[in-house]
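Below: one structure, written as structure tokens.
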Amino acid sequence: MYFKRKAYDKLIEWKLNYADSYAVLLEGARRVGKSTIAKLFAENEYKSYILIDFSIASTDILSCFDDINHLDMFFLRLQAITGINLYEHELVIIFDEVQLFPRARQAIKHLVKDGRYHYIETGSLISIKKNVKDILIPSEEMKITVYPMDYEEFCNATGNNYHLIKQLFDMKKAVGQEVNRKLMRDMRIYMAVGGMPQAVEAYVNGNNFSTIDNVKRQIIYLYEEDFKKIDPSGKISALYHSIPAQLAKGQKNIVCPLYLKRERQ
């Protein structure tokens, strides 16, 4: 299921004004919908596209990047492996999960300069910032940050009229108890479901809140696994788990658990 996302409109602007000079990197937290947005945009806005998912890419695909200096051969190999026709100026190549193969991101400089095709990259925030040690970050790359679905996007997904709500708000007049109760109920549902597309999809499909909560817990588990990758000591995980308890106490600032432990001693 696809939901209307604001990042899609930003990609439209990129294609119209910047795509001939810049690749675009969709970056954001895991499971916010980066890959889905990129794929749908490619399907709708281009004659053809190639999707390279570096989480499952074959060695044949990866070997194409061994000699990026010979782009004619690079594109011929890519076409032979994928079986997709390459239409100049009408094809976009998606580097999905590009943080897993930094050499592809480094190649963007040469690919954009070549000018035959457009390029979209997707990457998760933590890993995309970590896996750049030995590569040259291309200046021919602009970024679009993809966030979880905001309330306007949530209303579009669930059939609520966000623009009507905004008009009522802008009037700054009482709307009556009955209307106010409905609006507050809808807002509380958004707060309970959240903005992760998987959780919103579960809600739209009529699943109960127990199922929706399980979807969110699985996403949190992925985040915790990411914390372990960048900090095996567990300090970041401890800080993450301490945030709800600190917020429940009304603290305005989040304090590192290790600092709190030293204070108690």
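Following the order of the structure tokens, chains are lettered A, B, ..., residues in each are numbered from 1, and ligands are numbered from 1.
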task: Name the residues in contact with Phe227 in chain A at a cut-off of 8 Å, using only C-alpha atoms, excluding same-chain residues fewer than 5 positions from it; report them as JSON, numbers by chain.
output: {"A": [232, 234, 236, 237]}
For Ala104 in chain A, work out the shell of residues within 7 Å, counting only C-alpha atoms and skipping chain neighbours fewer than 4 positions away, then give it as a PDB file with N, CA and C atoms, in the first residue's frame.
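What follows is the written file out.pdb:
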ATOM      1  N   PHE A  65      31.017  -1.905 -10.580  1.00  0.00           N
ATOM      2  CA  PHE A  65      31.624  -0.700 -10.030  1.00  0.00           C
ATOM      3  C   PHE A  65      33.142  -0.820  -9.902  1.00  0.00           C
ATOM      4  N   VAL A  98      22.169   2.440  -0.142  1.00  0.00           N
ATOM      5  CA  VAL A  98      23.498   2.737  -0.686  1.00  0.00           C
ATOM      6  C   VAL A  98      24.571   2.715   0.401  1.00  0.00           C
ATOM      7  N   ILE A 108      28.836   8.367  -7.858  1.00  0.00           N
ATOM      8  CA  ILE A 108      27.830   9.352  -8.271  1.00  0.00           C
ATOM      9  C   ILE A 108      28.469  10.538  -8.987  1.00  0.00           C
TER      10      ILE A 108
END
message: So that I can see what lies close to range 76-88 of chain A, please list as a ChimeraX atom specification the residues with an atom at most 9 Å from it, counting only C-alpha atoms and leaving out residues fewer than 6 positions away in the same chain.
response: /A:47-50,60-61,64,115-117
Prev. selection, C-alpha atoms, output as a PDB file, in the first residue's frame:
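Dumped to selection_33.pdb:
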ATOM      1  CA  LYS A  47      10.039   5.663 -19.017  1.00  0.00           C
ATOM      2  CA  SER A  48      12.191   3.040 -17.327  1.00  0.00           C
ATOM      3  CA  TYR A  49      14.221   2.509 -14.168  1.00  0.00           C
ATOM      4  CA  ILE A  50      16.781   0.190 -12.643  1.00  0.00           C
ATOM      5  CA  ASP A  60      27.786  -9.438 -10.840  1.00  0.00           C
ATOM      6  CA  ILE A  61      26.090  -6.140 -10.037  1.00  0.00           C
ATOM      7  CA  CYS A  64      30.159  -3.339 -12.341  1.00  0.00           C
ATOM      8  CA  GLY A 115      24.626  13.130 -17.926  1.00  0.00           C
ATOM      9  CA  ARG A 116      22.816  10.257 -19.594  1.00  0.00           C
ATOM     10  CA  TYR A 117      20.605   9.203 -16.695  1.00  0.00           C
TER      11      TYR A 117
END
message: Write out as an MDAnalysis selection string the set of residues from range 91-130 of chain A that DSSP, computed on the backbone, places in strand (DSSP E or B).
response: chainID A and resid 91:96 118:124
Store the residues picked out above in a file with C-alpha atoms, as a compact mmCIF listing (two decimals), in the first residue's frame.
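Saved result, result.txt, follows:
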# COMPACT_ATOMS: atom_id res chain seq x y z
CA LEU A 91 15.72 6.45 -17.11
CA VAL A 92 16.53 6.71 -13.42
CA ILE A 93 18.82 4.35 -11.53
CA ILE A 94 18.01 3.78 -7.86
CA PHE A 95 20.82 2.86 -5.47
CA ASP A 96 18.75 1.42 -2.62
CA HIS A 118 19.27 10.36 -13.34
CA TYR A 119 20.14 8.84 -9.96
CA ILE A 120 18.27 8.36 -6.69
CA GLU A 121 19.98 6.98 -3.58
CA THR A 122 18.34 5.82 -0.37
CA GLY A 123 20.09 5.35 2.94
CA SER A 124 19.38 4.98 6.64
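Going from CA of Leu111 in chain A over to CA of Leu71 in chain A, you cover 7.8 Å.
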Distance query Glu27 in chain A at most 8 Å, only C-alpha atoms, self and fewer than 2 positions along chain excluded, as a ChimeraX atom specification: /A:25,29,34,122-125,128,143-146
Generate the output file for the selected residues, C-alpha atoms, as a compact mmCIF listing (two decimals), in the first residue's frame.
# COMPACT_ATOMS: atom_id res chain seq x y z
CA LEU A 25 19.81 11.06 -1.60
CA ALA A 29 15.42 6.60 9.81
CA LYS A 34 12.36 5.86 1.53
CA THR A 122 18.34 5.82 -0.37
CA GLY A 123 20.09 5.35 2.94
CA SER A 124 19.38 4.98 6.64
CA LEU A 125 20.64 7.87 8.74
CA ILE A 128 24.85 6.49 5.88
CA LYS A 143 19.61 15.43 0.11
CA ILE A 144 15.95 15.04 0.93
CA THR A 145 15.22 13.94 4.48
CA VAL A 146 12.27 11.56 4.74
field: Point-to-point distance in Å for CA of Gly28 in chain A and CA of Tyr147 in chain A
entry: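 Spanning CA of Tyr147 in chain A to CA of Gly28 in chain A is a straight-line distance of 6.3 Å.
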- request: Among the residues of range 79-219 of chain A, find those DSSP assigns to helix (DSSP H, G or I) from the backbone and print them as an MDAnalysis selection string.
  value: chainID A and resid 79:82 98:100 102:114 125:130 151:158 162:171 177:193 197:204 209:219
query: Counting only C-alpha atoms, which of A:Lys216, A:Ala23, A:Gln177, A:Arg31 gets nearest to Ala107 in chain A?
result: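 Of A:Lys216, A:Ala23, A:Gln177, A:Arg31, the one nearest Ala107 in chain A is A:Ala23, counting only C-alpha atoms.
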- prompt: What is the CA of Ser242 in chain A to CA of Val193 in chain A distance in Å?
  reply: 21.8 Å
query: A:Asp170, A:Tyr223, A:Phe154, A:Ile165: which is nearest Ile189 in chain A, counting only C-alpha atoms?
result: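 Ranking A:Asp170, A:Tyr223, A:Phe154, A:Ile165 by distance to Ile189 in chain A, first place goes to A:Phe154.
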